[in-house]
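One file, entry_30.cif, carrying mmCIF, C-alpha atoms and all ligand atoms:
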```
data_input
#
loop_
_atom_site.label_atom_id
_atom_site.label_comp_id
_atom_site.auth_asym_id
_atom_site.auth_seq_id
_atom_site.Cartn_x
_atom_site.Cartn_y
_atom_site.Cartn_z
CA MET E 1 88.82 -148.46 116.16
CA ASN E 2 88.36 -152.17 116.63
CA PRO E 3 86.73 -152.52 120.12
CA ASP E 4 88.71 -155.73 120.50
CA THR E 5 92.02 -153.91 120.94
CA ARG E 6 93.21 -151.13 123.22
CA VAL E 7 96.68 -151.10 121.69
CA PHE E 8 97.03 -148.26 119.21
CA HIS E 9 97.94 -150.39 116.17
CA ARG E 10 99.12 -148.81 112.95
CA GLN E 11 96.12 -150.23 111.11
CA LEU E 12 93.50 -148.84 113.44
CA ALA E 13 90.71 -151.11 112.28
CA THR E 14 92.39 -154.47 112.55
CA ARG E 15 93.96 -156.54 115.26
CA PRO E 16 96.98 -158.55 114.13
CA PRO E 17 97.46 -162.15 115.32
CA LEU E 18 98.65 -162.59 118.89
CA ALA E 19 102.32 -163.55 119.03
CA VAL E 20 103.04 -165.70 122.07
CA LYS E 21 106.45 -167.26 121.54
CA GLY E 22 109.61 -166.99 119.50
CA GLN E 23 112.12 -169.75 118.93
CA GLY E 24 114.94 -169.72 116.39
CA VAL E 25 113.66 -168.42 113.06
CA HIS E 26 110.02 -168.92 114.08
CA LEU E 27 107.32 -166.90 115.79
CA PHE E 28 104.23 -168.68 117.10
CA ASP E 29 100.73 -167.25 117.50
CA ALA E 30 98.11 -168.04 120.13
CA GLU E 31 96.60 -170.71 117.88
CA GLY E 32 99.95 -172.48 117.75
CA ARG E 33 100.64 -171.52 114.12
CA ALA E 34 104.32 -171.09 113.27
CA TYR E 35 105.60 -168.27 111.06
CA ILE E 36 109.09 -168.17 109.57
CA ASP E 37 110.50 -164.74 110.37
CA ALA E 38 111.90 -164.09 106.89
CA SER E 39 112.00 -160.35 107.51
CA GLY E 40 113.64 -160.51 110.94
CA GLY E 41 110.68 -158.34 111.99
CA ALA E 42 112.02 -155.28 110.17
CA ALA E 43 115.61 -156.47 109.63
CA VAL E 44 116.05 -156.71 113.40
CA SER E 45 116.18 -160.32 114.61
CA CYS E 46 119.65 -161.25 113.35
CA LEU E 47 120.07 -164.13 115.81
CA GLY E 48 116.45 -165.23 115.59
CA HIS E 49 114.37 -165.59 118.73
CA GLY E 50 115.16 -167.01 122.17
CA HIS E 51 118.93 -167.19 121.68
CA PRO E 52 120.20 -168.74 124.96
CA ASP E 53 123.44 -166.72 125.14
CA VAL E 54 121.64 -163.41 124.75
CA LEU E 55 118.97 -164.37 127.29
CA ALA E 56 121.63 -165.46 129.80
CA ALA E 57 123.52 -162.17 129.43
CA MET E 58 120.32 -160.18 129.89
CA HIS E 59 119.30 -162.19 132.95
CA ALA E 60 122.72 -161.74 134.54
CA GLN E 61 122.63 -157.99 133.90
CA ILE E 62 119.10 -157.47 135.17
CA ASP E 63 119.95 -159.35 138.36
CA GLN E 64 122.85 -157.02 138.94
CA LEU E 65 121.70 -153.64 137.64
CA ALA E 66 118.98 -152.75 135.15
CA TYR E 67 119.22 -148.99 134.91
CA ALA E 68 121.49 -146.17 135.98
CA HIS E 69 120.89 -142.73 134.50
CA THR E 70 123.91 -141.55 132.52
CA SER E 71 123.99 -138.14 134.19
CA PHE E 72 125.11 -140.00 137.35
CA PHE E 73 126.94 -143.10 136.17
CA THR E 74 128.42 -145.10 133.37
CA THR E 75 128.27 -148.89 133.56
CA GLU E 76 130.76 -151.64 132.90
CA VAL E 77 128.52 -153.15 130.26
CA ALA E 78 128.03 -149.87 128.33
CA GLU E 79 131.80 -149.31 128.34
CA GLN E 80 132.40 -152.88 127.15
CA LEU E 81 129.89 -152.54 124.35
CA ALA E 82 131.41 -149.22 123.26
CA ASP E 83 134.89 -150.82 123.30
CA GLN E 84 133.58 -153.69 121.20
CA LEU E 85 131.93 -151.33 118.69
CA VAL E 86 134.96 -149.04 118.43
CA SER E 87 137.33 -151.99 117.97
CA THR E 88 135.28 -153.19 114.98
CA ALA E 89 134.36 -149.74 113.59
CA PRO E 90 135.69 -148.07 110.45
CA ALA E 91 138.98 -146.20 110.95
CA GLY E 92 138.98 -143.16 113.21
CA MET E 93 135.60 -143.78 114.82
CA SER E 94 136.47 -143.33 118.46
CA HIS E 95 133.23 -142.87 120.39
CA VAL E 96 129.77 -144.36 120.59
CA TYR E 97 126.63 -142.48 121.56
CA PHE E 98 123.90 -144.88 122.73
CA VAL E 99 120.19 -144.35 122.11
CA SER E 100 117.08 -146.53 122.07
CA GLY E 101 116.44 -147.00 118.35
CA GLY E 102 116.99 -145.94 114.78
CA SER E 103 115.12 -142.63 114.68
CA GLU E 104 116.86 -141.48 117.87
CA ALA E 105 120.20 -142.44 116.32
CA VAL E 106 119.48 -140.36 113.22
CA GLU E 107 118.22 -137.39 115.28
CA SER E 108 121.35 -137.58 117.41
CA ALA E 109 123.63 -137.69 114.36
CA LEU E 110 121.90 -134.65 112.81
CA LYS E 111 122.31 -132.70 116.04
CA MET E 112 125.93 -133.82 116.41
CA ALA E 113 126.64 -132.48 112.92
CA ARG E 114 124.97 -129.19 113.76
CA GLN E 115 126.77 -128.76 117.06
CA TYR E 116 130.11 -129.74 115.51
CA PHE E 117 129.91 -126.87 113.03
CA VAL E 118 128.83 -124.43 115.73
CA GLU E 119 131.78 -125.54 117.88
CA ILE E 120 134.29 -125.05 115.06
CA GLY E 121 132.92 -121.63 114.14
CA GLN E 122 130.96 -122.50 111.00
CA PRO E 123 127.36 -121.91 112.16
CA GLN E 124 126.39 -120.79 108.66
CA ARG E 125 126.33 -124.45 107.60
CA GLU E 126 122.60 -124.97 107.94
CA HIS E 127 121.65 -127.35 105.15
CA PHE E 128 121.37 -131.08 104.95
CA ILE E 129 121.33 -132.94 101.67
CA ALA E 130 119.74 -136.39 101.59
CA ARG E 131 118.25 -138.73 98.99
CA ARG E 132 114.83 -139.40 97.56
CA GLN E 133 113.30 -142.84 98.29
CA SER E 134 115.21 -143.01 101.55
CA TYR E 135 113.94 -143.76 105.03
CA HIS E 136 115.65 -142.43 108.13
CA GLY E 137 112.92 -142.72 110.76
CA ASN E 138 109.64 -141.24 111.85
CA THR E 139 110.58 -138.49 114.30
CA LEU E 140 110.36 -135.05 112.74
CA GLY E 141 114.07 -134.48 112.07
CA ALA E 142 114.55 -137.97 110.67
CA LEU E 143 111.38 -137.57 108.62
CA ALA E 144 112.74 -134.34 107.17
CA VAL E 145 115.92 -135.99 105.89
CA GLY E 146 113.92 -139.02 104.74
CA GLY E 147 113.04 -138.95 101.09
CA ASN E 148 109.69 -140.67 101.08
CA GLU E 149 107.25 -137.95 100.12
CA TRP E 150 104.23 -140.04 101.00
CA ARG E 151 105.37 -140.27 104.62
CA ARG E 152 106.32 -136.59 104.81
CA ALA E 153 103.48 -134.84 103.02
CA GLN E 154 100.92 -134.51 105.79
CA PHE E 155 103.48 -133.45 108.39
CA ARG E 156 104.67 -130.36 106.54
CA PRO E 157 106.07 -127.90 107.36
CA LEU E 158 108.89 -130.10 108.59
CA LEU E 159 111.31 -128.77 111.16
CA ILE E 160 114.39 -128.63 108.99
CA ASP E 161 114.80 -127.80 105.35
CA VAL E 162 116.47 -130.57 103.37
CA THR E 163 117.49 -130.82 99.73
CA HIS E 164 116.98 -134.25 98.19
CA VAL E 165 118.95 -135.81 95.34
CA ALA E 166 118.55 -139.11 93.51
CA PRO E 167 119.42 -142.41 95.17
CA CYS E 168 121.15 -145.34 93.43
CA TYR E 169 118.21 -147.03 91.76
CA GLU E 170 119.89 -148.92 88.95
CA TYR E 171 116.91 -150.94 87.81
CA ARG E 172 114.85 -147.82 87.09
CA ASP E 173 117.33 -145.01 86.55
CA ARG E 174 120.52 -146.29 84.93
CA HIS E 175 120.47 -145.52 81.21
CA ALA E 176 120.91 -148.48 78.89
CA ASP E 177 124.09 -147.00 77.41
CA GLU E 178 125.64 -146.24 80.81
CA THR E 179 127.93 -148.53 82.82
CA PRO E 180 127.15 -148.78 86.55
CA GLU E 181 130.27 -146.67 87.20
CA GLN E 182 129.11 -143.95 84.78
CA TYR E 183 125.69 -143.98 86.42
CA GLY E 184 127.37 -143.51 89.81
CA GLN E 185 129.39 -140.59 88.45
CA ARG E 186 126.21 -138.99 87.12
CA LEU E 187 124.64 -139.23 90.59
CA VAL E 188 127.74 -137.73 92.21
CA ALA E 189 127.63 -134.88 89.65
CA GLU E 190 123.99 -134.24 90.59
CA LEU E 191 125.03 -134.05 94.24
CA ALA E 192 127.86 -131.65 93.30
CA GLU E 193 125.33 -129.39 91.56
CA ALA E 194 123.06 -129.40 94.61
CA ILE E 195 126.04 -128.40 96.79
CA GLU E 196 126.95 -125.57 94.40
CA ARG E 197 123.35 -124.31 94.38
CA LEU E 198 123.16 -124.20 98.18
CA GLY E 199 126.71 -122.86 98.55
CA PRO E 200 129.45 -125.34 99.54
CA ASP E 201 130.10 -123.49 102.83
CA LYS E 202 126.40 -123.63 103.74
CA VAL E 203 126.05 -127.42 103.74
CA MET E 204 126.45 -129.42 106.96
CA ALA E 205 126.12 -132.99 105.86
CA PHE E 206 125.04 -135.47 103.24
CA VAL E 207 122.86 -138.19 104.74
CA ALA E 208 122.35 -141.56 103.04
CA GLU E 209 121.56 -145.18 103.74
CA THR E 210 124.58 -147.15 102.52
CA VAL E 211 122.15 -149.75 101.18
CA GLY E 212 118.59 -148.42 100.97
CA GLY E 213 116.04 -150.51 102.81
CA ALA E 214 112.57 -149.55 103.87
CA THR E 215 111.24 -147.59 100.91
CA ALA E 216 111.94 -149.17 97.53
CA GLY E 217 113.07 -152.69 98.15
CA VAL E 218 116.79 -152.96 98.66
CA LEU E 219 118.74 -150.27 96.78
CA THR E 220 122.39 -151.26 96.43
CA PRO E 221 125.04 -148.65 95.59
CA VAL E 222 126.89 -148.87 92.28
CA PRO E 223 130.71 -149.24 92.33
CA GLY E 224 132.55 -146.01 93.02
CA TYR E 225 129.46 -144.01 93.96
CA PHE E 226 130.22 -143.63 97.66
CA LYS E 227 133.92 -143.01 96.96
CA GLY E 228 132.84 -140.11 94.74
CA VAL E 229 130.47 -138.86 97.43
CA ARG E 230 133.22 -139.05 100.06
CA GLU E 231 135.66 -137.08 97.88
CA LEU E 232 133.05 -134.42 97.22
CA CYS E 233 132.22 -134.07 100.93
CA ASP E 234 135.94 -133.83 101.80
CA ARG E 235 136.54 -131.18 99.15
CA HIS E 236 133.88 -128.94 100.72
CA GLY E 237 134.26 -129.82 104.40
CA ILE E 238 130.83 -131.46 104.44
CA LEU E 239 130.16 -134.36 106.83
CA LEU E 240 129.09 -137.75 105.50
CA ILE E 241 126.43 -139.37 107.68
CA LEU E 242 125.72 -142.98 106.74
CA ASP E 243 122.53 -144.48 108.13
CA GLU E 244 123.00 -148.20 108.59
CA VAL E 245 120.11 -148.68 110.97
CA MET E 246 118.68 -151.32 108.64
CA CYS E 247 121.58 -152.48 106.45
CA GLY E 248 124.25 -152.48 109.16
CA MET E 249 125.48 -154.77 111.94
CA GLY E 250 126.27 -157.68 109.66
CA ARG E 251 123.12 -157.76 107.56
CA THR E 252 124.95 -157.34 104.23
CA GLY E 253 127.81 -159.72 105.10
CA THR E 254 130.26 -157.25 106.62
CA LEU E 255 129.69 -155.70 110.03
CA HIS E 256 129.14 -152.30 108.42
CA ALA E 257 127.85 -152.04 104.86
CA CYS E 258 130.20 -149.11 104.14
CA GLU E 259 133.20 -151.48 104.42
CA GLN E 260 132.19 -152.87 101.02
CA GLU E 261 132.22 -149.34 99.55
CA GLY E 262 135.70 -148.55 100.87
CA VAL E 263 134.49 -145.37 102.56
CA VAL E 264 134.56 -144.20 106.15
CA PRO E 265 131.74 -141.89 107.23
CA ASP E 266 132.02 -139.11 109.79
CA LEU E 267 128.95 -140.37 111.64
CA LEU E 268 127.44 -143.83 111.37
CA THR E 269 124.03 -144.76 112.75
CA VAL E 270 123.16 -148.32 113.76
CA ALA E 271 120.19 -149.88 115.59
CA LYS E 272 117.86 -152.83 114.77
CA GLY E 273 120.38 -155.69 114.49
CA LEU E 274 122.58 -154.10 117.16
CA GLY E 275 120.29 -155.48 119.86
CA GLY E 276 118.82 -158.15 117.61
CA GLY E 277 115.33 -157.35 118.90
CA TYR E 278 116.16 -158.46 122.43
CA GLN E 279 116.20 -154.86 123.60
CA PRO E 280 115.58 -151.51 121.94
CA ILE E 281 119.00 -150.01 121.32
CA GLY E 282 120.72 -147.87 118.71
CA ALA E 283 123.97 -145.97 118.48
CA VAL E 284 125.86 -143.26 116.66
CA LEU E 285 129.51 -144.00 115.97
CA ALA E 286 131.48 -140.78 115.68
CA GLN E 287 134.85 -139.75 114.31
CA GLU E 288 137.37 -138.56 116.87
CA ARG E 289 137.57 -135.04 115.41
CA ILE E 290 133.82 -134.49 115.93
CA VAL E 291 133.95 -135.62 119.53
CA ASP E 292 137.15 -133.65 120.02
CA ALA E 293 135.58 -130.43 118.74
CA MET E 294 132.86 -130.75 121.38
CA ARG E 295 135.34 -131.73 124.09
CA GLN E 296 137.60 -128.75 123.31
CA GLY E 297 134.64 -126.43 122.78
CA SER E 298 131.60 -126.40 125.06
CA GLY E 299 132.62 -129.67 126.69
CA LEU E 300 129.23 -131.31 126.30
CA PHE E 301 126.89 -132.65 123.65
CA GLN E 302 123.64 -130.77 124.16
CA HIS E 303 121.38 -133.74 123.68
CA GLY E 304 120.26 -136.85 125.51
CA HIS E 305 117.50 -139.33 126.13
CA THR E 306 116.46 -140.92 129.42
CA TYR E 307 117.31 -144.49 128.45
CA LEU E 308 120.61 -143.99 126.69
CA GLY E 309 123.12 -146.66 127.56
CA HIS E 310 120.46 -148.76 129.32
CA ALA E 311 122.39 -151.56 131.01
CA VAL E 312 120.15 -154.46 129.94
CA ALA E 313 120.02 -153.14 126.38
CA CYS E 314 123.82 -152.92 126.35
CA ALA E 315 124.11 -156.44 127.77
CA ALA E 316 121.83 -157.78 125.03
CA ALA E 317 123.76 -155.97 122.29
CA LEU E 318 127.13 -157.06 123.67
CA ALA E 319 125.96 -160.67 123.74
CA VAL E 320 124.65 -160.39 120.17
CA GLN E 321 128.01 -159.03 118.99
CA ARG E 322 129.94 -161.74 120.80
CA VAL E 323 127.80 -164.51 119.29
CA ILE E 324 128.28 -163.03 115.81
CA GLN E 325 132.06 -163.08 116.31
CA ARG E 326 132.28 -166.43 118.09
CA ASP E 327 130.09 -168.27 115.60
CA GLY E 328 131.61 -166.68 112.48
CA LEU E 329 128.21 -165.36 111.46
CA LEU E 330 129.45 -162.66 109.07
CA ALA E 331 130.95 -165.36 106.84
CA GLN E 332 127.73 -167.33 107.26
CA VAL E 333 125.67 -164.33 106.14
CA ARG E 334 127.76 -164.11 102.96
CA GLU E 335 127.53 -167.83 102.28
CA ARG E 336 123.82 -168.28 103.10
CA GLY E 337 123.09 -164.97 101.38
CA ALA E 338 124.63 -166.28 98.17
CA TYR E 339 122.51 -169.41 98.55
CA LEU E 340 119.31 -167.42 99.13
CA ALA E 341 120.11 -165.22 96.11
CA SER E 342 120.66 -168.23 93.87
CA ARG E 343 117.37 -169.81 95.02
CA LEU E 344 115.45 -166.56 94.47
CA GLN E 345 116.97 -166.19 91.00
CA ALA E 346 116.28 -169.81 90.09
CA VAL E 347 112.67 -169.78 91.21
CA LEU E 348 111.59 -166.18 90.66
CA GLY E 349 114.07 -164.90 88.05
CA GLU E 350 111.62 -165.61 85.21
CA HIS E 351 108.41 -164.92 87.13
CA PRO E 352 106.17 -162.70 84.99
CA HIS E 353 105.67 -160.23 87.83
CA VAL E 354 109.15 -160.11 89.31
CA GLY E 355 111.02 -157.18 87.78
CA ASP E 356 114.19 -157.17 89.84
CA ILE E 357 115.84 -159.15 92.62
CA ARG E 358 118.64 -157.26 94.33
CA GLY E 359 120.57 -157.28 97.56
CA ARG E 360 123.60 -158.28 99.54
CA GLY E 361 124.22 -160.80 102.28
CA LEU E 362 120.89 -161.69 103.87
CA PHE E 363 119.24 -158.43 102.76
CA TRP E 364 117.18 -158.91 99.59
CA GLY E 365 114.54 -156.88 97.83
CA ILE E 366 112.13 -158.04 95.17
CA GLU E 367 110.47 -155.47 92.93
CA LEU E 368 107.09 -156.49 91.55
CA VAL E 369 105.90 -155.29 88.16
CA GLN E 370 102.83 -155.77 86.06
CA ASP E 371 104.92 -156.10 82.93
CA ARG E 372 108.56 -157.18 82.85
CA ALA E 373 109.22 -155.68 79.43
CA THR E 374 108.00 -152.16 80.22
CA ARG E 375 108.79 -152.42 83.96
CA GLN E 376 105.39 -150.91 84.60
CA TRP E 377 104.20 -151.17 88.18
CA PHE E 378 100.83 -152.48 89.27
CA ASP E 379 98.06 -149.98 89.93
CA PRO E 380 98.77 -148.79 93.51
CA SER E 381 95.07 -148.98 94.37
CA LEU E 382 95.39 -152.77 94.19
CA LYS E 383 97.64 -152.59 97.28
CA LEU E 384 99.43 -155.64 96.01
CA HIS E 385 102.15 -155.44 98.67
CA ALA E 386 99.59 -155.63 101.47
CA ARG E 387 97.77 -158.52 99.80
CA LEU E 388 101.03 -160.35 99.33
CA LYS E 389 101.86 -159.86 103.00
CA ALA E 390 98.48 -161.34 103.97
CA ALA E 391 98.95 -164.26 101.56
CA ALA E 392 102.41 -164.89 103.00
CA MET E 393 101.12 -164.81 106.58
CA ALA E 394 98.53 -167.41 105.54
CA GLU E 395 101.48 -169.53 104.33
CA GLY E 396 103.26 -169.05 107.69
CA LEU E 397 105.77 -166.56 106.32
CA MET E 398 106.68 -163.08 107.55
CA ILE E 399 107.89 -160.76 104.78
CA TYR E 400 108.29 -156.99 104.89
CA PRO E 401 106.23 -155.42 102.13
CA MET E 402 106.47 -151.87 100.80
CA GLY E 403 104.25 -150.00 98.43
CA GLY E 404 102.21 -146.90 97.83
CA THR E 405 103.28 -143.80 96.03
CA VAL E 406 106.80 -142.67 96.78
CA ASP E 407 107.82 -139.31 95.33
CA GLY E 408 105.48 -139.74 92.43
CA ARG E 409 106.82 -143.26 91.99
CA CYS E 410 104.74 -146.15 93.03
CA GLY E 411 105.63 -149.74 93.17
CA ASP E 412 105.37 -152.89 95.20
CA HIS E 413 108.43 -154.30 96.88
CA VAL E 414 109.17 -157.14 99.25
CA LEU E 415 112.08 -157.15 101.67
CA LEU E 416 113.65 -160.35 102.97
CA ALA E 417 115.99 -160.12 105.96
CA PRO E 418 116.05 -163.55 107.62
CA PRO E 419 118.06 -164.31 110.75
CA PHE E 420 121.78 -164.97 110.22
CA ILE E 421 121.25 -168.41 111.78
CA SER E 422 118.76 -169.52 109.08
CA SER E 423 119.68 -172.96 107.75
CA PRO E 424 119.64 -173.73 104.01
CA GLU E 425 116.44 -175.76 104.58
CA GLU E 426 114.81 -172.78 106.29
CA LEU E 427 115.86 -170.51 103.41
CA ASP E 428 114.35 -173.06 100.98
CA ALA E 429 111.11 -172.95 102.97
CA ILE E 430 111.11 -169.14 102.78
CA VAL E 431 111.46 -169.21 99.00
CA ASP E 432 108.84 -171.96 98.57
CA ARG E 433 106.27 -170.15 100.70
CA LEU E 434 106.99 -166.84 98.99
CA VAL E 435 106.37 -168.42 95.60
CA ARG E 436 103.07 -169.88 96.80
CA ALA E 437 102.02 -166.51 98.24
CA LEU E 438 102.94 -164.73 94.98
N1 LIG E 501 116.92 -145.47 109.50
C1 LIG E 501 116.71 -146.52 108.69
C2 LIG E 501 117.62 -146.74 107.53
C3 LIG E 501 115.66 -147.41 108.94
O1 LIG E 501 115.43 -148.44 108.12
C4 LIG E 501 114.83 -147.18 110.08
C5 LIG E 501 113.68 -148.12 110.42
N2 LIG E 501 113.13 -148.83 109.40
C6 LIG E 501 115.09 -146.07 110.88
C7 LIG E 501 116.15 -145.24 110.57
C8 LIG E 501 114.25 -145.77 112.08
O2 LIG E 501 114.46 -146.70 113.07
P1 LIG E 501 113.39 -146.89 114.25
O3 LIG E 501 112.15 -147.44 113.62
O4 LIG E 501 114.08 -147.86 115.19
O5 LIG E 501 113.17 -145.58 114.88
#
```
Starting from the file, give its structure as structure tokens.
Ligand code: PMP
Amino acid sequence: MNPDTRVFHRQLATRPPLAVKGQGVHLFDAEGRAYIDASGGAAVSCLGHGHPDVLAAMHAQIDQLAYAHTSFFTTEVAEQLADQLVSTAPAGMSHVYFVSGGSEAVESALKMARQYFVEIGQPQREHFIARRQSYHGNTLGALAVGGNEWRRAQFRPLLIDVTHVAPCYEYRDRHADETPEQYGQRLVAELAEAIERLGPDKVMAFVAETVGGATAGVLTPVPGYFKGVRELCDRHGILLILDEVMCGMGRTGTLHACEQEGVVPDLLTVAKGLGGGYQPIGAVLAQERIVDAMRQGSGLFQHGHTYLGHAVACAAALAVQRVIQRDGLLAQVRERGAYLASRLQAVLGEHPHVGDIRGRGLFWGIELVQDRATRQWFDPSLKLHARLKAAAMAEGLMIYPMGGTVDGRCGDHVLLAPPFISSPEELDAIVDRLVRAL
């Protein structure tokens, strides 16, 4: 452990730079160096830093009431935020369960699914199906549904048993003679086989990120894939849990990424951009029939965390949502996202070590390869992703790198998730600095 730090950092031997201020798309360190936050931290800071409307709402709330435990009270601000989220949610989602972050949201959704089936007299549904190369959080339940073997391996045996199927990974897995739609059908057929193997009446839920984020660059779904998944789940009475902790809350250009797939999940998890980094907050949006089963049955959800519905967190999230609506930021994400994509393609499309550039809205992944023709990855021992992150930091650029061995697959990926307020000039600067770092 570095004697210079008492904070338990992830990298135990090193102390990262000291961040002292955030303003707009920039963070500043103690030496006065500015960094463009091209990753929004980890796809969190959708409105950038120091947004005056969010700060004002938080100040007003903290002056009035910071915290009231939900076993005694609800608050005006939590009710307003829930109203706002329900009014903009996919059809039939009637209730919002607040938590403090993404892993808690996923844990809560898993337990909601379990309790729902107990309440409706189907306790034999004990299995979850999820996808390889997915990330759903670091708590033990979320880690179990997550499909990143490297993160899971040393924590086995995990608390719940989960079957994993293939994600949409077009660049690597779509056959040359297959259309994207045929590839999607093949993936749905693989899911159908997994359901048959487990027994259709034994499966609780299929869990997936609508757009994959934190494991293999950005993994976008192929057309029709989620429609096929939804039909399959409906046929067998299986719940569809979509995890939009990273890709949700406007990041891909619609408030929820599933809107672009034309599917409505039974449970939808959000976090990160919900509070925009101003406060830790996450939520599970639930279909009426799930809430109703609990209301008619035991009358309570047997779960809960101390800080759920924290008033200042709700005030921050409500302000973030109001700014997004008032300033037309979803349209701006689509427009600036198209600009960022065109710049990335123009500058990096022919780069000898860029294999694929993929994404939606302001959510972009770059897959690095040693050889474009064979799509061979770099030797993982080079830790290219970590070196690229360091090179980018030296250029005053924050990017979110991923690498290491994932389910026997390695690879180096970079994630870009800049604030929705990024100007075209700031996006240009992101691309320029990324090229220099590369
Ligand atoms: N789900 C997804 C899709 C995520 O990307 C993340 C975080 N990267 C999580 C869950 C976990 O969120 P948190 O780190 O806030 O617990």
*Do you know which residues are at most 8 Å from Arg174 in chain E counting only C-alpha atoms, after dropping those on the same chain fewer than 5 positions away, and could you put them as a PyMOL selection string?*
chain E and resi 169+180+183
*Hey, which residues come within 8 Å of ligand LIG 501 (chain E) if we count all atoms listed in the file? Could you give them as a ChimeraX atom specification?*
/E:42,100-106,134-139,142,209,212-214,243-247,269,271-272,280,282
*asked:* Which residue is closest to Ser108 in chain E? Choose from E:Ala417, E:Leu198, E:Met58, E:Val284 and count all atoms listed in the file.
replied: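 Distance minimum relative to Ser108 in chain E lands on E:Val284.
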Find the axis-aligned box for range 293-306 of chain E, covering all its listed atoms and adding 3 Å on each side, and write its centre and edge lengths in Å to one decimal as JSON.
```
{"center_x": 127.0, "center_y": -133.7, "center_z": 124.1, "size_x": 27.1, "size_y": 20.5, "size_z": 16.7}
```
_Need the shell around Val312 in chain E: protein/DNA/RNA residues with any atom at most 12 Å away, counting only C-alpha atoms. Skip same-chain ones fewer than 4 positions apart. Format as an NGL selection string?_
:E and (54-68 or 75-78 or 81 or 100 or 275 or 278-281 or 307-308 or 316-319)
*Which residue out of E:Gln124, E:Ser342, E:Thr306, E:Thr163 has the minimum interatomic distance to Phe206 in chain E when all atoms listed in the file are used?*
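Ranked by minimum distance to Phe206 in chain E, first place goes to E:Thr163.
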Env of Arg186 in chain E: 12 Å cut, atoms = all atoms listed in the file, seq-sep filter 3 positions within chain, self excluded. Answer as a compact mmCIF listing (two decimals) with C-alpha atoms, keeping the file's coordinate frame.
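That gives us part.txt:
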```txt
# COMPACT_ATOMS: atom_id res chain seq x y z
CA VAL E 165 118.95 -135.81 95.34
CA ALA E 166 118.55 -139.11 93.51
CA PRO E 167 119.42 -142.41 95.17
CA CYS E 168 121.15 -145.34 93.43
CA GLU E 170 119.89 -148.92 88.95
CA ASP E 173 117.33 -145.01 86.55
CA ARG E 174 120.52 -146.29 84.93
CA HIS E 175 120.47 -145.52 81.21
CA GLU E 178 125.64 -146.24 80.81
CA THR E 179 127.93 -148.53 82.82
CA PRO E 180 127.15 -148.78 86.55
CA GLU E 181 130.27 -146.67 87.20
CA GLN E 182 129.11 -143.95 84.78
CA TYR E 183 125.69 -143.98 86.42
CA ALA E 189 127.63 -134.88 89.65
CA GLU E 190 123.99 -134.24 90.59
CA LEU E 191 125.03 -134.05 94.24
CA ALA E 192 127.86 -131.65 93.30
CA GLU E 193 125.33 -129.39 91.56
CA VAL E 222 126.89 -148.87 92.28
CA GLY E 224 132.55 -146.01 93.02
CA TYR E 225 129.46 -144.01 93.96
CA GLY E 228 132.84 -140.11 94.74
CA VAL E 229 130.47 -138.86 97.43
```
Mind writing range 94-125 of chain E to a file for me, with C-alpha atoms, as a PDB file, in the first residue's frame?
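Writing done, so here's decode11.pdb:
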```
ATOM      1  CA  SER E  94     -46.232   2.248 -12.636  1.00  0.00           C
ATOM      2  CA  HIS E  95     -43.843   2.338  -9.687  1.00  0.00           C
ATOM      3  CA  VAL E  96     -40.285   3.327  -8.893  1.00  0.00           C
ATOM      4  CA  TYR E  97     -38.113   1.734  -6.233  1.00  0.00           C
ATOM      5  CA  PHE E  98     -35.256   4.059  -5.236  1.00  0.00           C
ATOM      6  CA  VAL E  99     -31.780   2.861  -4.257  1.00  0.00           C
ATOM      7  CA  SER E 100     -28.308   4.391  -4.068  1.00  0.00           C
ATOM      8  CA  GLY E 101     -26.623   3.026  -7.189  1.00  0.00           C
ATOM      9  CA  GLY E 102     -26.484   0.529 -10.004  1.00  0.00           C
ATOM     10  CA  SER E 103     -25.590  -2.653  -8.132  1.00  0.00           C
ATOM     11  CA  GLU E 104     -28.333  -2.002  -5.578  1.00  0.00           C
ATOM     12  CA  ALA E 105     -30.785  -1.462  -8.435  1.00  0.00           C
ATOM     13  CA  VAL E 106     -29.854  -4.806 -10.001  1.00  0.00           C
ATOM     14  CA  GLU E 107     -29.996  -6.628  -6.646  1.00  0.00           C
ATOM     15  CA  SER E 108     -33.404  -5.115  -5.995  1.00  0.00           C
ATOM     16  CA  ALA E 109     -34.708  -6.135  -9.433  1.00  0.00           C
ATOM     17  CA  LEU E 110     -33.495  -9.729  -8.944  1.00  0.00           C
ATOM     18  CA  LYS E 111     -35.221  -9.926  -5.574  1.00  0.00           C
ATOM     19  CA  MET E 112     -38.384  -8.334  -6.962  1.00  0.00           C
ATOM     20  CA  ALA E 113     -38.491 -11.023  -9.651  1.00  0.00           C
ATOM     21  CA  ARG E 114     -38.021 -13.737  -7.057  1.00  0.00           C
ATOM     22  CA  GLN E 115     -40.668 -12.393  -4.705  1.00  0.00           C
ATOM     23  CA  TYR E 116     -43.108 -11.838  -7.575  1.00  0.00           C
ATOM     24  CA  PHE E 117     -43.030 -15.526  -8.481  1.00  0.00           C
ATOM     25  CA  VAL E 118     -43.359 -16.574  -4.850  1.00  0.00           C
ATOM     26  CA  GLU E 119     -46.371 -14.257  -4.482  1.00  0.00           C
ATOM     27  CA  ILE E 120     -48.098 -15.672  -7.566  1.00  0.00           C
ATOM     28  CA  GLY E 121     -47.484 -19.269  -6.523  1.00  0.00           C
ATOM     29  CA  GLN E 122     -44.617 -20.177  -8.852  1.00  0.00           C
ATOM     30  CA  PRO E 123     -41.730 -20.598  -6.389  1.00  0.00           C
ATOM     31  CA  GLN E 124     -40.209 -23.302  -8.576  1.00  0.00           C
ATOM     32  CA  ARG E 125     -38.926 -20.572 -10.901  1.00  0.00           C
TER      33      ARG E 125
END
```
